[in-house]
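Enquirer: You'll find coords21.cif just under this line, and it carries mmCIF, C-alpha atoms.
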```cif
data_run
loop_
_atom_site.label_atom_id
_atom_site.label_comp_id
_atom_site.auth_asym_id
_atom_site.auth_seq_id
_atom_site.Cartn_x
_atom_site.Cartn_y
_atom_site.Cartn_z
CA MET A 1 68.16 74.61 -47.36
CA LYS A 2 64.80 73.53 -45.94
CA ARG A 3 65.16 70.92 -43.15
CA ILE A 4 62.19 68.71 -42.33
CA ASN A 5 61.23 65.55 -40.47
CA LEU A 6 59.03 62.88 -42.06
CA ALA A 7 56.25 60.91 -40.35
CA LEU A 8 55.22 57.90 -42.44
CA GLN A 9 51.97 56.05 -41.74
CA GLY A 10 51.35 52.36 -42.16
CA GLY A 11 48.63 50.90 -44.36
CA GLY A 12 49.85 47.76 -46.09
CA ALA A 13 50.11 48.00 -49.87
CA HIS A 14 48.75 51.55 -49.70
CA GLY A 15 52.28 52.46 -48.61
CA ALA A 16 53.00 52.72 -52.34
CA PHE A 17 51.41 56.17 -52.08
CA THR A 18 54.20 57.12 -49.67
CA TRP A 19 56.74 55.67 -52.10
CA GLY A 20 55.57 58.13 -54.75
CA ALA A 21 55.51 61.07 -52.32
CA LEU A 22 59.04 60.31 -51.11
CA CYS A 23 60.41 60.08 -54.64
CA ARG A 24 58.97 63.53 -55.39
CA ILE A 25 60.41 65.05 -52.20
CA LEU A 26 63.82 63.50 -52.83
CA ARG A 27 64.03 65.32 -56.17
CA GLU A 28 64.06 68.66 -54.32
CA ASP A 29 67.78 69.34 -53.80
CA ASP A 30 67.09 72.10 -51.30
CA ILE A 31 65.02 69.93 -48.92
CA GLU A 32 66.98 67.97 -46.32
CA ILE A 33 65.32 65.08 -44.50
CA ALA A 34 66.65 65.22 -40.95
CA ALA A 35 64.69 62.37 -39.34
CA ILE A 36 61.98 59.83 -40.14
CA SER A 37 59.41 58.13 -37.91
CA GLY A 38 57.62 55.21 -39.52
CA ILE A 39 55.47 52.18 -38.80
CA SER A 40 54.55 49.13 -40.86
CA ALA A 41 54.70 50.11 -44.56
CA GLY A 42 56.06 53.47 -43.39
CA ALA A 43 58.87 51.62 -41.61
CA LEU A 44 59.75 49.73 -44.80
CA ASN A 45 59.75 52.94 -46.82
CA ALA A 46 61.87 54.66 -44.18
CA ALA A 47 64.45 51.87 -44.02
CA ALA A 48 64.68 51.68 -47.82
CA LEU A 49 65.12 55.45 -48.08
CA LYS A 50 67.78 55.55 -45.36
CA SER A 51 69.88 52.67 -46.68
CA GLY A 52 69.63 53.94 -50.25
CA TRP A 53 70.59 57.44 -49.11
CA ILE A 54 73.72 56.13 -47.38
CA ALA A 55 74.72 54.16 -50.49
CA GLY A 56 74.01 56.78 -53.13
CA GLY A 57 72.41 59.97 -51.85
CA ARG A 58 69.07 61.09 -53.25
CA GLU A 59 69.24 58.94 -56.37
CA GLY A 60 70.31 55.96 -54.27
CA ALA A 61 67.27 56.47 -52.03
CA ILE A 62 64.91 56.66 -55.04
CA GLU A 63 66.44 53.52 -56.55
CA ASN A 64 66.19 51.61 -53.29
CA LEU A 65 62.53 52.58 -52.84
CA GLU A 66 61.87 51.33 -56.36
CA TRP A 67 63.65 48.07 -55.52
CA LEU A 68 61.51 47.66 -52.37
CA TRP A 69 58.21 48.04 -54.20
CA GLU A 70 59.33 45.81 -57.05
CA GLN A 71 59.79 43.12 -54.38
CA VAL A 72 56.27 43.81 -53.10
CA GLY A 73 54.80 43.47 -56.58
CA ALA A 74 55.06 46.76 -58.42
CA ILE A 75 56.05 46.93 -62.07
CA THR A 76 58.06 50.11 -62.55
CA ASP A 77 58.45 50.18 -66.34
CA PRO A 78 56.64 53.44 -67.29
CA ARG A 79 55.51 51.94 -70.59
CA PHE A 80 53.56 49.29 -68.66
CA THR A 81 52.04 51.67 -66.13
CA GLN A 82 50.90 54.13 -68.83
CA TRP A 83 49.35 51.30 -70.86
CA VAL A 84 47.60 49.85 -67.82
CA SER A 85 46.27 53.23 -66.69
CA SER A 86 44.64 53.78 -70.06
CA LEU A 87 42.89 50.40 -70.16
CA THR A 88 41.92 49.46 -66.61
CA PRO A 89 38.74 50.58 -64.79
CA SER A 90 38.60 53.13 -61.99
CA ALA A 91 40.40 52.51 -58.71
CA HIS A 92 37.02 51.97 -57.01
CA LEU A 93 35.95 49.23 -59.45
CA TRP A 94 39.35 47.58 -59.32
CA ALA A 95 39.26 47.64 -55.51
CA LYS A 96 35.82 46.00 -55.55
CA ALA A 97 37.10 43.31 -57.92
CA ILE A 98 39.91 42.48 -55.49
CA GLU A 99 37.50 42.57 -52.53
CA TYR A 100 35.26 39.95 -54.17
CA SER A 101 38.13 37.78 -55.44
CA PRO A 102 38.50 34.21 -54.12
CA ALA A 103 42.03 35.01 -52.90
CA TYR A 104 40.91 37.86 -50.68
CA ALA A 105 37.81 35.97 -49.51
CA ALA A 106 40.05 33.13 -48.32
CA ILE A 107 42.40 35.51 -46.48
CA ASP A 108 39.52 37.39 -44.87
CA MET A 109 37.67 34.27 -43.74
CA THR A 110 40.81 32.64 -42.37
CA SER A 111 41.86 35.72 -40.39
CA ARG A 112 38.38 36.02 -38.85
CA MET A 113 37.94 32.34 -37.93
CA PHE A 114 41.39 31.10 -36.97
CA SER A 115 44.23 32.24 -34.74
CA PRO A 116 47.58 32.53 -36.54
CA TYR A 117 49.00 30.34 -33.77
CA ILE A 118 47.20 27.21 -35.02
CA TYR A 119 49.70 27.01 -37.89
CA GLY A 120 52.74 26.85 -35.62
CA PRO A 121 56.10 28.02 -36.99
CA THR A 122 55.09 27.30 -40.60
CA LEU A 123 53.20 30.60 -40.93
CA ARG A 124 55.61 33.28 -42.18
CA ASN A 125 54.99 36.87 -43.14
CA PRO A 126 55.88 37.23 -46.85
CA LEU A 127 57.60 40.54 -46.03
CA GLU A 128 60.24 38.63 -44.09
CA GLN A 129 62.23 37.75 -47.22
CA ILE A 130 62.25 41.41 -48.30
CA VAL A 131 63.16 42.83 -44.89
CA ALA A 132 66.06 40.37 -44.56
CA LYS A 133 67.66 41.90 -47.68
CA PHE A 134 68.00 45.41 -46.24
CA HIS A 135 71.57 46.55 -45.56
CA TYR A 136 71.37 47.11 -41.81
CA ASP A 137 74.78 48.72 -41.53
CA ALA A 138 73.27 51.52 -43.65
CA VAL A 139 69.83 51.44 -42.01
CA CYS A 140 71.47 51.89 -38.59
CA ALA A 141 74.17 54.34 -39.70
CA SER A 142 74.64 57.55 -37.76
CA ASP A 143 74.83 59.50 -41.04
CA GLY A 144 71.77 60.46 -43.05
CA PRO A 145 68.27 60.87 -41.62
CA ALA A 146 67.77 59.66 -38.04
CA LEU A 147 65.44 56.66 -38.18
CA HIS A 148 62.71 55.73 -35.67
CA ILE A 149 60.65 52.54 -36.08
CA CYS A 150 57.55 52.05 -33.91
CA ALA A 151 56.01 48.80 -32.65
CA THR A 152 53.44 47.91 -29.97
CA ASN A 153 54.52 45.87 -26.93
CA VAL A 154 51.80 43.21 -26.68
CA ARG A 155 52.00 42.64 -22.93
CA SER A 156 52.31 46.25 -21.78
CA GLY A 157 50.21 47.80 -24.55
CA LYS A 158 52.78 50.59 -24.82
CA ILE A 159 54.57 51.99 -27.83
CA ARG A 160 58.22 51.05 -28.31
CA VAL A 161 60.32 53.26 -30.56
CA PHE A 162 63.48 51.63 -31.91
CA THR A 163 66.29 53.77 -33.24
CA GLY A 164 69.92 53.53 -34.35
CA HIS A 165 71.55 50.15 -33.79
CA GLU A 166 68.38 48.81 -32.14
CA ILE A 167 66.85 48.45 -35.62
CA MET A 168 67.10 44.92 -37.02
CA PRO A 169 64.92 42.72 -39.24
CA GLU A 170 62.76 41.65 -36.29
CA VAL A 171 61.99 45.28 -35.44
CA ILE A 172 60.66 46.08 -38.91
CA MET A 173 58.70 42.81 -38.98
CA ALA A 174 57.22 43.67 -35.57
CA SER A 175 56.21 47.11 -36.81
CA ALA A 176 54.23 45.44 -39.62
CA CYS A 177 52.74 42.54 -37.64
CA LEU A 178 48.93 42.46 -37.84
CA PRO A 179 47.82 40.18 -34.97
CA SER A 180 44.85 38.74 -36.85
CA MET A 181 47.17 37.47 -39.58
CA PHE A 182 50.56 36.75 -38.01
CA GLN A 183 52.00 35.62 -34.71
CA ALA A 184 53.56 38.32 -32.55
CA VAL A 185 57.23 38.95 -33.32
CA GLU A 186 59.30 37.96 -30.28
CA PHE A 187 62.91 38.95 -29.67
CA THR A 188 65.19 40.30 -26.96
CA ASP A 189 64.57 43.99 -26.56
CA PRO A 190 68.02 45.65 -26.41
CA GLN A 191 66.61 48.26 -24.02
CA THR A 192 65.38 45.80 -21.38
CA GLY A 193 67.42 42.69 -22.15
CA LYS A 194 64.17 40.68 -21.89
CA SER A 195 62.30 38.71 -24.50
CA GLU A 196 59.33 40.82 -25.60
CA ALA A 197 56.46 40.28 -28.04
CA PHE A 198 55.40 43.01 -30.47
CA TRP A 199 52.53 43.80 -32.81
CA ASP A 200 51.98 46.45 -35.47
CA GLY A 201 53.03 49.91 -34.31
CA GLY A 202 49.86 51.48 -35.70
CA TYR A 203 47.91 50.59 -32.56
CA THR A 204 49.97 52.98 -30.43
CA GLY A 205 51.44 55.44 -32.94
CA ASN A 206 50.66 55.81 -36.62
CA PRO A 207 53.34 57.00 -36.64
CA ALA A 208 54.74 58.36 -33.39
CA LEU A 209 55.55 62.06 -33.66
CA PHE A 210 57.25 62.60 -30.30
CA PRO A 211 60.65 61.16 -31.39
CA LEU A 212 60.78 64.09 -33.84
CA PHE A 213 60.54 66.71 -31.07
CA ALA A 214 64.27 66.49 -30.22
CA SER A 215 65.95 69.89 -29.91
CA ASP A 216 68.55 69.14 -32.60
CA LEU A 217 65.83 68.38 -35.19
CA PRO A 218 63.94 70.95 -37.27
CA ASP A 219 60.51 72.18 -36.15
CA ASP A 220 58.74 70.90 -39.28
CA ILE A 221 57.02 67.50 -39.36
CA LEU A 222 55.64 66.42 -42.74
CA ILE A 223 53.11 63.60 -42.33
CA VAL A 224 52.43 61.34 -45.29
CA ASN A 225 48.91 60.18 -44.49
CA ILE A 226 47.48 57.03 -46.09
CA ASN A 227 44.66 56.24 -43.66
CA PRO A 228 41.81 58.60 -44.60
CA LEU A 229 40.76 60.86 -41.76
CA ARG A 230 37.28 61.20 -43.28
CA ARG A 231 35.10 58.90 -45.37
CA LYS A 232 32.18 60.20 -47.39
CA ASN A 233 29.97 57.14 -47.13
CA LEU A 234 28.65 55.27 -44.11
CA PRO A 235 30.10 51.73 -44.09
CA THR A 236 27.28 49.18 -44.06
CA ASP A 237 28.79 45.80 -45.00
CA SER A 238 30.98 43.85 -42.58
CA GLN A 239 34.26 44.39 -44.45
CA SER A 240 33.71 48.15 -44.81
CA ILE A 241 32.78 48.45 -41.14
CA GLN A 242 35.90 46.57 -40.04
CA ASN A 243 38.06 48.62 -42.38
CA ARG A 244 36.71 51.89 -40.97
CA ILE A 245 37.18 50.66 -37.39
CA ASN A 246 40.83 49.95 -38.22
CA GLU A 247 41.28 53.36 -39.85
CA ILE A 248 39.79 55.16 -36.86
CA SER A 249 41.84 53.20 -34.32
CA PHE A 250 45.05 53.61 -36.33
CA ASN A 251 44.45 57.36 -36.71
CA SER A 252 43.52 57.94 -33.07
CA SER A 253 47.10 58.04 -31.76
CA LEU A 254 48.14 60.46 -34.52
CA LEU A 255 45.19 62.77 -33.80
CA ARG A 256 45.97 62.64 -30.08
CA GLU A 257 49.54 63.82 -30.71
CA LEU A 258 48.34 66.51 -33.10
CA ARG A 259 45.93 67.79 -30.42
CA ALA A 260 48.85 67.99 -27.98
CA ILE A 261 50.93 69.90 -30.53
CA ASP A 262 48.04 72.30 -31.14
CA PHE A 263 47.60 72.87 -27.40
CA VAL A 264 51.30 73.59 -26.82
CA ASN A 265 51.49 75.85 -29.87
CA ARG A 266 48.55 77.92 -28.62
CA LEU A 267 50.25 78.30 -25.23
CA LEU A 268 53.42 79.48 -26.96
CA HIS A 269 51.65 81.88 -29.28
CA ASP A 270 49.55 83.56 -26.57
CA GLY A 271 52.57 83.92 -24.26
CA THR A 272 51.36 81.52 -21.55
CA VAL A 273 54.54 79.50 -22.11
CA PRO A 274 57.74 81.47 -22.87
CA LYS A 275 59.20 81.06 -26.37
CA GLY A 276 61.89 78.40 -26.39
CA ARG A 277 60.56 76.57 -23.33
CA MET A 278 58.79 74.03 -25.54
CA LYS A 279 59.07 73.21 -29.22
CA ASP A 280 56.84 75.15 -31.63
CA VAL A 281 56.11 72.27 -34.01
CA LEU A 282 55.14 73.12 -37.58
CA VAL A 283 52.83 70.47 -39.05
CA HIS A 284 52.37 69.65 -42.73
CA MET A 285 50.51 66.80 -44.45
CA ILE A 286 50.49 65.05 -47.81
CA ALA A 287 47.34 63.00 -48.41
CA ASP A 288 44.77 61.98 -51.00
CA ASP A 289 41.62 61.06 -49.09
CA GLY A 290 39.67 61.02 -52.35
CA LEU A 291 41.70 58.11 -53.71
CA MET A 292 41.84 56.31 -50.36
CA ASN A 293 38.03 56.52 -50.15
CA GLU A 294 37.88 54.57 -53.41
CA LEU A 295 40.13 51.80 -52.08
CA ASN A 296 39.49 49.29 -49.30
CA VAL A 297 41.05 46.78 -46.94
CA ALA A 298 41.46 44.30 -49.82
CA THR A 299 43.79 46.65 -51.69
CA LYS A 300 45.82 47.05 -48.50
CA THR A 301 46.15 43.28 -48.15
CA ILE A 302 46.70 42.09 -51.71
CA PRO A 303 49.27 44.15 -53.64
CA THR A 304 48.54 44.27 -57.37
CA PRO A 305 50.72 46.04 -59.96
CA ILE A 306 47.79 48.17 -61.15
CA ILE A 307 46.88 49.55 -57.71
CA LEU A 308 50.52 49.98 -56.71
CA ALA A 309 51.19 51.98 -59.88
CA ARG A 310 48.17 54.21 -59.28
CA LEU A 311 49.11 54.75 -55.64
CA LYS A 312 52.67 55.74 -56.55
CA GLU A 313 51.42 58.13 -59.22
CA ALA A 314 48.93 59.64 -56.75
CA GLY A 315 51.64 60.03 -54.11
CA GLU A 316 53.90 61.88 -56.55
CA ALA A 317 51.01 64.12 -57.63
CA ALA A 318 49.98 64.91 -54.03
CA ALA A 319 53.56 65.74 -53.07
CA ASP A 320 53.93 67.90 -56.16
CA ILE A 321 50.81 69.87 -55.22
CA PHE A 322 52.05 70.26 -51.65
CA LEU A 323 55.45 71.53 -52.78
CA SER A 324 54.01 73.94 -55.33
CA GLN A 325 51.65 75.41 -52.73
CA HIS A 326 53.65 75.18 -49.51
CA LYS A 327 57.36 74.71 -50.10
CA ALA A 328 57.96 78.34 -49.15
CA ASP A 329 56.09 77.69 -45.87
CA LEU A 330 58.55 75.03 -44.73
CA ASN A 331 60.54 76.24 -41.69
CA GLU A 332 58.17 79.24 -41.51
CA ARG A 333 54.63 78.15 -40.55
CA SER A 334 52.28 75.16 -40.27
CA THR A 335 50.18 74.35 -43.30
CA VAL A 336 47.69 72.10 -41.48
CA ASN A 337 44.71 73.97 -40.06
CA MET A 338 44.41 72.33 -36.64
CA SER A 339 41.26 74.20 -35.68
CA GLU A 340 39.52 72.94 -38.81
CA MET A 341 40.84 69.41 -38.31
CA PHE A 342 39.40 69.11 -34.80
CA SER A 343 36.16 71.04 -35.33
#
```
For the file at hand, write its structure as structure tokens.
Expert:
Amino acid sequence: MKRINLALQGGGAHGAFTWGALCRILREDDIEIAAISGISAGALNAAALKSGWIAGGREGAIENLEWLWEQVGAITDPRFTQWVSSLTPSAHLWAKAIEYSPAYAAIDMTSRMFSPYIYGPTLRNPLEQIVAKFHYDAVCASDGPALHICATNVRSGKIRVFTGHEIMPEVIMASACLPSMFQAVEFTDPQTGKSEAFWDGGYTGNPALFPLFASDLPDDILIVNINPLRRKNLPTDSQSIQNRINEISFNSSLLRELRAIDFVNRLLHDGTVPKGRMKDVLVHMIADDGLMNELNVATKTIPTPIILARLKEAGEAAADIFLSQHKADLNERSTVNMSEMFS
């Protein structure tokens, strides 16, 4: 049995890529998911996987992930998705169509010009209705994968990792709260007993890896990456520039943790630090930067059945490639070339 931890990035509707990757991983009976760290869309995927796992094992997790994305807007009938894939234009052209749509233009203009606080309590995140339907006795259960949900404390600017019975609807909403679009999520932090305000966890950890360093967890961390680390083209219009700024800022915390892992691993491997003194973390990654380069901030913001279907299919394909090439490497060695990543 291969035991791994999962680190699930946020990225709005692009989290459908993670949905596909998770479904593919869950079909491997000899891979055990020990723990999950997630933010934003990654937090939703993690909570759906955990509660479905508790209710019905691997198949229950797959079914619950499908239910989640149906609520978001996906159509899961394979006859529809195959028909759509054969008739619709490329992902890039479809992304551009959404970017220039009146609906997205209105959202973009409003978020740039107005504070979400001018609407008072009437402004609600549409995810709230979905998050409220999760079975929190299962999400918080001690059985199944350990779950860690990350959010950003607005006042302190520090990351807050919620786990176990600390996880409630407000925590998942906080993890997915973009401050330009929604008011900060405020609730009593069970750790401090004080009322705290939280924003999207991606600003301080996308996602946080350090909760997965616990001694009772496996050494392997498999990151499902949906924010492209590299883009081929220089962004020149205002929306592309803002999108790339967000990608860089949301990836910075992940890259910082990966640098720390690389540094510690080199100390362990050259004998500077004795074996066993610190954890020798094995890093793996599932990504499709090619597809993500074709998409944009509009496809993150406005979920459409066509894009969600393509993202899920791409996530399954990327996970399938990873497993065919690197499944034997799990629990043995890292498959991410850190030197190349940071050169």
Enquirer: Might you spell out which residues the PyMOL selection byres ((chain A and resi 311-322) around 6) would select in the displayed file, as an mmCIF file with C-alpha atoms, keeping the file's coordinate frame?
Expert:
```
data_model
loop_
_atom_site.group_PDB
_atom_site.id
_atom_site.type_symbol
_atom_site.label_atom_id
_atom_site.label_comp_id
_atom_site.auth_asym_id
_atom_site.auth_seq_id
_atom_site.Cartn_x
_atom_site.Cartn_y
_atom_site.Cartn_z
ATOM 1 C CA ALA A 16 53.000 52.720 -52.340
ATOM 2 C CA PHE A 17 51.410 56.170 -52.080
ATOM 3 C CA THR A 18 54.200 57.120 -49.670
ATOM 4 C CA GLY A 20 55.570 58.130 -54.750
ATOM 5 C CA ALA A 21 55.510 61.070 -52.320
ATOM 6 C CA ARG A 24 58.970 63.530 -55.390
ATOM 7 C CA LEU A 308 50.520 49.980 -56.710
ATOM 8 C CA ALA A 309 51.190 51.980 -59.880
ATOM 9 C CA ARG A 310 48.170 54.210 -59.280
ATOM 10 C CA LEU A 323 55.450 71.530 -52.780
ATOM 11 C CA SER A 324 54.010 73.940 -55.330
ATOM 12 C CA GLN A 325 51.650 75.410 -52.730
ATOM 13 C CA HIS A 326 53.650 75.180 -49.510
#
```
Enquirer: Hey, what's within 10 Å of Asp220 (chain A) if we count all atoms listed in the file and toss same-chain stuff fewer than 2 positions away? As a PDB file with C-alpha atoms, in the frame of the given file, please?
Expert:
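Below is the file that was written, part-v7.pdb:
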```pdb
ATOM      1  CA  LYS A   2      64.800  73.530 -45.940  1.00  0.00           C
ATOM      2  CA  ARG A   3      65.160  70.920 -43.150  1.00  0.00           C
ATOM      3  CA  ILE A   4      62.190  68.710 -42.330  1.00  0.00           C
ATOM      4  CA  ASN A   5      61.230  65.550 -40.470  1.00  0.00           C
ATOM      5  CA  LEU A   6      59.030  62.880 -42.060  1.00  0.00           C
ATOM      6  CA  ALA A  34      66.650  65.220 -40.950  1.00  0.00           C
ATOM      7  CA  LEU A 212      60.780  64.090 -33.840  1.00  0.00           C
ATOM      8  CA  PHE A 213      60.540  66.710 -31.070  1.00  0.00           C
ATOM      9  CA  LEU A 217      65.830  68.380 -35.190  1.00  0.00           C
ATOM     10  CA  PRO A 218      63.940  70.950 -37.270  1.00  0.00           C
ATOM     11  CA  LEU A 222      55.640  66.420 -42.740  1.00  0.00           C
ATOM     12  CA  ILE A 223      53.110  63.600 -42.330  1.00  0.00           C
ATOM     13  CA  ASP A 280      56.840  75.150 -31.630  1.00  0.00           C
ATOM     14  CA  VAL A 281      56.110  72.270 -34.010  1.00  0.00           C
ATOM     15  CA  LEU A 282      55.140  73.120 -37.580  1.00  0.00           C
ATOM     16  CA  VAL A 283      52.830  70.470 -39.050  1.00  0.00           C
ATOM     17  CA  HIS A 284      52.370  69.650 -42.730  1.00  0.00           C
ATOM     18  CA  ASP A 329      56.090  77.690 -45.870  1.00  0.00           C
ATOM     19  CA  LEU A 330      58.550  75.030 -44.730  1.00  0.00           C
ATOM     20  CA  ASN A 331      60.540  76.240 -41.690  1.00  0.00           C
ATOM     21  CA  GLU A 332      58.170  79.240 -41.510  1.00  0.00           C
ATOM     22  CA  ARG A 333      54.630  78.150 -40.550  1.00  0.00           C
ATOM     23  CA  SER A 334      52.280  75.160 -40.270  1.00  0.00           C
TER      24      SER A 334
END
```
Enquirer: Could you jot down the CA of Lys300 (chain A) to CA of Gly15 (chain A) separation for me, Å, one decimal place?
Expert: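 Taking CA of Lys300 (chain A) as the start and CA of Gly15 (chain A) as the end point, the length is 8.4 Å.
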Enquirer: Quick one, how far is CA of His148 (chain A) from CA of Ile307 (chain A)?
Expert: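 According to the coordinates, CA of His148 (chain A) and CA of Ile307 (chain A) are separated by 27.8 Å.
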Enquirer: I'd like to know which of A:Ile221, A:Ala47, A:Ile39, A:Met338 is closest to Phe250 (chain A), using all atoms listed in the file.
Expert: A:Ile39
Enquirer: When distances are computed from all atoms listed in the file, which of A:Thr236, A:Ala46, A:Leu267, A:Arg124 shows the smallest separation from Trp19 (chain A)?
Expert: A:Ala46
Enquirer: Give me, please, the distance in Å between CA of Ser240 (chain A) and CA of Gly38 (chain A), quoted to one decimal.
Expert: 25.5 Å
Enquirer: Can you work out which one of A:Ala328, A:Cys177, A:Ile302, A:Val297 has the shortest atom-to-atom distance to Ile241 (chain A), counting all atoms listed in the file?
Expert: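 Among the listed residues, A:Val297 lies closest to Ile241 (chain A).
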Enquirer: Could you write region 185-211 of chain A as a PDB file, keeping the file's coordinate frame, with N, CA and C atoms rebuilt where they are missing?
Expert:
```
ATOM      1  N   VAL A 185      55.781  39.083 -33.084  1.00  0.00           N
ATOM      2  CA  VAL A 185      57.230  38.950 -33.320  1.00  0.00           C
ATOM      3  C   VAL A 185      57.925  39.063 -31.961  1.00  0.00           C
ATOM      4  N   GLU A 186      58.650  38.014 -31.587  1.00  0.00           N
ATOM      5  CA  GLU A 186      59.300  37.960 -30.280  1.00  0.00           C
ATOM      6  C   GLU A 186      60.815  38.007 -30.447  1.00  0.00           C
ATOM      7  N   PHE A 187      61.450  38.858 -29.664  1.00  0.00           N
ATOM      8  CA  PHE A 187      62.910  38.950 -29.670  1.00  0.00           C
ATOM      9  C   PHE A 187      63.351  39.660 -28.392  1.00  0.00           C
ATOM     10  N   THR A 188      64.645  39.629 -28.136  1.00  0.00           N
ATOM     11  CA  THR A 188      65.190  40.300 -26.960  1.00  0.00           C
ATOM     12  C   THR A 188      65.278  41.785 -27.218  1.00  0.00           C
ATOM     13  N   ASP A 189      64.543  42.547 -26.427  1.00  0.00           N
ATOM     14  CA  ASP A 189      64.570  43.990 -26.560  1.00  0.00           C
ATOM     15  C   ASP A 189      65.907  44.506 -26.032  1.00  0.00           C
ATOM     16  N   PRO A 190      66.711  45.174 -26.880  1.00  0.00           N
ATOM     17  CA  PRO A 190      68.020  45.650 -26.410  1.00  0.00           C
ATOM     18  C   PRO A 190      67.930  46.658 -25.278  1.00  0.00           C
ATOM     19  N   GLN A 191      66.765  47.272 -25.094  1.00  0.00           N
ATOM     20  CA  GLN A 191      66.610  48.260 -24.020  1.00  0.00           C
ATOM     21  C   GLN A 191      66.421  47.590 -22.661  1.00  0.00           C
ATOM     22  N   THR A 192      65.678  46.477 -22.639  1.00  0.00           N
ATOM     23  CA  THR A 192      65.380  45.800 -21.380  1.00  0.00           C
ATOM     24  C   THR A 192      66.190  44.523 -21.162  1.00  0.00           C
ATOM     25  N   GLY A 193      66.714  43.958 -22.236  1.00  0.00           N
ATOM     26  CA  GLY A 193      67.420  42.690 -22.150  1.00  0.00           C
ATOM     27  C   GLY A 193      66.480  41.508 -21.963  1.00  0.00           C
ATOM     28  N   LYS A 194      65.164  41.734 -22.069  1.00  0.00           N
ATOM     29  CA  LYS A 194      64.170  40.680 -21.890  1.00  0.00           C
ATOM     30  C   LYS A 194      63.522  40.337 -23.233  1.00  0.00           C
ATOM     31  N   SER A 195      63.039  39.104 -23.311  1.00  0.00           N
ATOM     32  CA  SER A 195      62.300  38.710 -24.500  1.00  0.00           C
ATOM     33  C   SER A 195      60.924  39.372 -24.468  1.00  0.00           C
ATOM     34  N   GLU A 196      60.592  40.097 -25.520  1.00  0.00           N
ATOM     35  CA  GLU A 196      59.330  40.820 -25.600  1.00  0.00           C
ATOM     36  C   GLU A 196      58.595  40.423 -26.883  1.00  0.00           C
ATOM     37  N   ALA A 197      57.284  40.569 -26.867  1.00  0.00           N
ATOM     38  CA  ALA A 197      56.460  40.280 -28.040  1.00  0.00           C
ATOM     39  C   ALA A 197      55.856  41.585 -28.556  1.00  0.00           C
ATOM     40  N   PHE A 198      55.848  41.744 -29.879  1.00  0.00           N
ATOM     41  CA  PHE A 198      55.400  43.010 -30.470  1.00  0.00           C
ATOM     42  C   PHE A 198      54.403  42.767 -31.598  1.00  0.00           C
ATOM     43  N   TRP A 199      53.469  43.722 -31.702  1.00  0.00           N
ATOM     44  CA  TRP A 199      52.530  43.800 -32.810  1.00  0.00           C
ATOM     45  C   TRP A 199      52.750  45.090 -33.584  1.00  0.00           C
ATOM     46  N   ASP A 200      51.933  45.264 -34.606  1.00  0.00           N
ATOM     47  CA  ASP A 200      51.980  46.450 -35.470  1.00  0.00           C
ATOM     48  C   ASP A 200      52.017  47.737 -34.640  1.00  0.00           C
ATOM     49  N   GLY A 201      52.895  48.654 -35.031  1.00  0.00           N
ATOM     50  CA  GLY A 201      53.030  49.910 -34.310  1.00  0.00           C
ATOM     51  C   GLY A 201      51.858  50.852 -34.467  1.00  0.00           C
ATOM     52  N   GLY A 202      50.984  50.588 -35.447  1.00  0.00           N
ATOM     53  CA  GLY A 202      49.860  51.480 -35.700  1.00  0.00           C
ATOM     54  C   GLY A 202      48.874  51.562 -34.559  1.00  0.00           C
ATOM     55  N   TYR A 203      48.855  50.563 -33.674  1.00  0.00           N
ATOM     56  CA  TYR A 203      47.910  50.590 -32.560  1.00  0.00           C
ATOM     57  C   TYR A 203      48.274  51.650 -31.527  1.00  0.00           C
ATOM     58  N   THR A 204      49.535  52.023 -31.457  1.00  0.00           N
ATOM     59  CA  THR A 204      49.970  52.980 -30.430  1.00  0.00           C
ATOM     60  C   THR A 204      50.605  54.240 -31.012  1.00  0.00           C
ATOM     61  N   GLY A 205      50.877  54.249 -32.301  1.00  0.00           N
ATOM     62  CA  GLY A 205      51.440  55.440 -32.940  1.00  0.00           C
ATOM     63  C   GLY A 205      51.493  55.256 -34.433  1.00  0.00           C
ATOM     64  N   ASN A 206      50.713  56.031 -35.171  1.00  0.00           N
ATOM     65  CA  ASN A 206      50.660  55.810 -36.620  1.00  0.00           C
ATOM     66  C   ASN A 206      50.957  57.077 -37.417  1.00  0.00           C
ATOM     67  N   PRO A 207      52.225  57.481 -37.456  1.00  0.00           N
ATOM     68  CA  PRO A 207      53.340  57.000 -36.640  1.00  0.00           C
ATOM     69  C   PRO A 207      53.501  57.878 -35.410  1.00  0.00           C
ATOM     70  N   ALA A 208      54.442  57.524 -34.554  1.00  0.00           N
ATOM     71  CA  ALA A 208      54.740  58.360 -33.390  1.00  0.00           C
ATOM     72  C   ALA A 208      55.426  59.644 -33.837  1.00  0.00           C
ATOM     73  N   LEU A 209      54.943  60.764 -33.327  1.00  0.00           N
ATOM     74  CA  LEU A 209      55.550  62.060 -33.660  1.00  0.00           C
ATOM     75  C   LEU A 209      56.575  62.502 -32.619  1.00  0.00           C
ATOM     76  N   PHE A 210      56.416  62.058 -31.365  1.00  0.00           N
ATOM     77  CA  PHE A 210      57.250  62.600 -30.300  1.00  0.00           C
ATOM     78  C   PHE A 210      58.748  62.360 -30.477  1.00  0.00           C
ATOM     79  N   PRO A 211      59.193  61.279 -31.185  1.00  0.00           N
ATOM     80  CA  PRO A 211      60.650  61.160 -31.390  1.00  0.00           C
ATOM     81  C   PRO A 211      61.218  62.299 -32.243  1.00  0.00           C
TER      82      PRO A 211
END
```
